[in-house]
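Comments concern the structure below.
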Amino acid sequence: MNAARRPARGERTSRPAVTALGGGHGLSASLSALRRVTDRLTAIVTVADDGGSSGRLRSEFDCLPPGDLRMALAALCEDDHAGRQWADVLQSRFTGSGPLGGHAVGNLLIAGLWQHLDDPVAGLDQVGELLRTRGRVLPMSLTPLTIAAEVIGLDPLRPDEVCTLSGQATVAKTRAEVQKIRLEPEDASACPDSLEAIADSDFVVLGPGSWFTSVLPHLLVPELADAIVDSSARKVVALNMSSAGETDGFTPSRHIELLAEHAPRLRLDTVIADQSFADEHLDSYVRSLGAELVVADVAMRDGSARHDPLRLASVFADVMGC
């Protein structure tokens with residue numbers, strides 16, 4: 001099993017056990033930074049994707065969508081030649097217009113192992129062993145989930161009317177303003193290994209990432225939300241670099257407010273924000289959830305709205321006392 005390494009009984013270690021939750025490019029950014037801080041790392045990944053290659057495999061094989069899980073595995077590959085080569089292979093896609101066109105190589109590998117082993121967790125662990133990943137990747141639930149969102153402004157003739165959109169791909173692309181989301185089924189069970197990882201963690205990290213389709217869903221699986229809220233681990237939130245896509249026009253403070261609205265019992269310890277995305281009310285919103293605001297320069301130098309893994313790793317190390 002390619003689990004995040006745990007110290008033996010009596011062993012002293014300065015490396016914290018960290019569980020990072022999210023999906024897509026945001027979780028990849030977080031993992032790329034965190035694997036430079038600790039080798040006791042677990043990623044818990046959303047399983048609501050229904051678009052692209054993941055959606056096709058989910059529909060055809062009634063399996064978990066593998067895309068976000070694949071991206072997390074690629075982010076945990078080592079920085080040596082073999083690690084980067086495997087990461088590139090996982091992320092590469094078949095070309096052409098045939099049945100394989102558009103499928104990510106890593107998605108087919110994961111789906112094939114799931115079919116062979118009939119165990120999603122065992123399949124992901126086996127891929128992790130093959131890639132020699134620096135950490136473990138787990139799904140947040142063993143049930144494929146659907147995101148439903150309440151939005152306003154969908155119909156320009158009825159701008160105040162509340163409508164419901166269904167499906168991650170639809171919610172992520174809507175130009176309407178998302179008010180809140182829920183998961184279907186609402187009572188889905190959490191992956192037991194994910195609950196164990198949170199219970200064993202020193203730190204739990206949420207974000208960055210698409211707020212409605214990658215970050216908030218973790219707080220809507222009842223068992224997972226309870227595990228996060230009740231954990232003795234310190235809770236860290238990494239905010240996005242800007243408001244875009246499904247939170248276009250939302251302030252940093254609104255991002256924190258959405259966490260509180262979707263998980264009223266949630267209390268935080270640290271919120272990390274880039275200096276370019278911190279409004280005048282952010283500190284008071286963060287303190288209302290019991291947390292300290294850390295404003296730092298964590299941006300890439302190419303002008304894109306992305307986190308620099310090395311700069312973010314340095315901030316994580318300071319926050320975690322590494």
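Chain identifiers are assigned as A, B, and so on, following the order in which chains appear in the structure tokens; residues are numbered from 1 within each chain, and ligands are numbered from 1 in order of appearance.
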Exercise for the section: Identify, on the basis of only C-alpha atoms, every residue whose closest approach to Thr270 of chain A does not exceed 10 Å; exclude the query and any residue fewer than 5 positions from it along the same chain; express the result as a PyMOL selection string. Expected result: chain A and resi 205+234-238+286-287+289-294+319
Exercise for the section: Enumerate as a ChimeraX atom specification all residues of segment 119-225 of chain A assigned to alpha helix (DSSP H) by DSSP on the backbone, naming them with the chain letters and numbers the document uses. Expected result: /A:120-131,168-173,192-199,222-225
Practice task
Just the residues within 7 Å of segment 105-120 of chain A, please, counting only C-alpha atoms, with nothing from its chain fewer than 3 positions along; format it as a VMD selection string.
Solution key: chain A and resid 66 to 67 70 89 to 93 123 to 124
Practice task
Assign secondary structure with DSSP using the backbone only, and return the residues of segment 3-87 of chain A in strand (DSSP E) as a PyMOL selection string.
Solution key: chain A and resi 18-22+41-45
Since we have the selection now, will you write its residues out, keeping C-alpha atoms, as a PDB file, in the first residue's frame?
ATOM      1  CA  VAL A  18      -1.173  16.440   6.432  1.00  0.00           C
ATOM      2  CA  THR A  19      -4.451  15.743   4.652  1.00  0.00           C
ATOM      3  CA  ALA A  20      -5.300  18.016   1.715  1.00  0.00           C
ATOM      4  CA  LEU A  21      -8.836  18.134   0.335  1.00  0.00           C
ATOM      5  CA  GLY A  22      -9.989  19.461  -3.019  1.00  0.00           C
ATOM      6  CA  LEU A  41       0.684  13.408   2.963  1.00  0.00           C
ATOM      7  CA  THR A  42      -2.794  12.254   1.930  1.00  0.00           C
ATOM      8  CA  ALA A  43      -4.985  13.794  -0.755  1.00  0.00           C
ATOM      9  CA  ILE A  44      -8.769  13.422  -0.488  1.00  0.00           C
ATOM     10  CA  VAL A  45     -10.393  14.153  -3.824  1.00  0.00           C
TER      11      VAL A  45
END
Problem - segment 209-211 of chain A surroundings by only C-alpha atoms, 10 Å radius, close-in-sequence under 5 positions cut, as a ChimeraX atom specification - result: /A:21-30,172,216-217,238-241,243-247,255,258-259
Handout entry: Nearest to Val295 of chain A, chosen from A:Ala225, A:Gln275, A:Ser97, A:His307, with only C-alpha atoms counted in the distances
Key = A:Gln275
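Nearest to Leu224 of chain A of all the residues A:Asp318, A:Glu60, A:Asp193, A:Asp248 is A:Asp193, counting only C-alpha atoms.
Among the candidates A:Ala74, A:Thr174, A:Arg136, A:Phe277, the residue lying nearest to Asp155 of chain A is A:Thr174 (atoms considered: only C-alpha atoms).
Within the 10 Å cut-off around Pro192 of chain A, using only C-alpha atoms and omitting residues fewer than 4 positions from it on the same chain, the listed residues are Val121, Leu138, Pro139, Met140, Ser141, Leu142, Glu196, Ala197, Glu223 and Leu224 of chain A.
Interatomic distance, atom CA of Gly207 of chain A against atom CA of Ser59 of chain A: 27.6 Å.
Closest approach to Ile228 of chain A among A:Glu78, A:Asp202, A:Asp39, A:Asp125 is made by A:Asp202 (distances from only C-alpha atoms).
For the atom pair formed by atom CA of Met320 of chain A and atom CA of Leu282 of chain A, the distance is 21.7 Å, given to one decimal.
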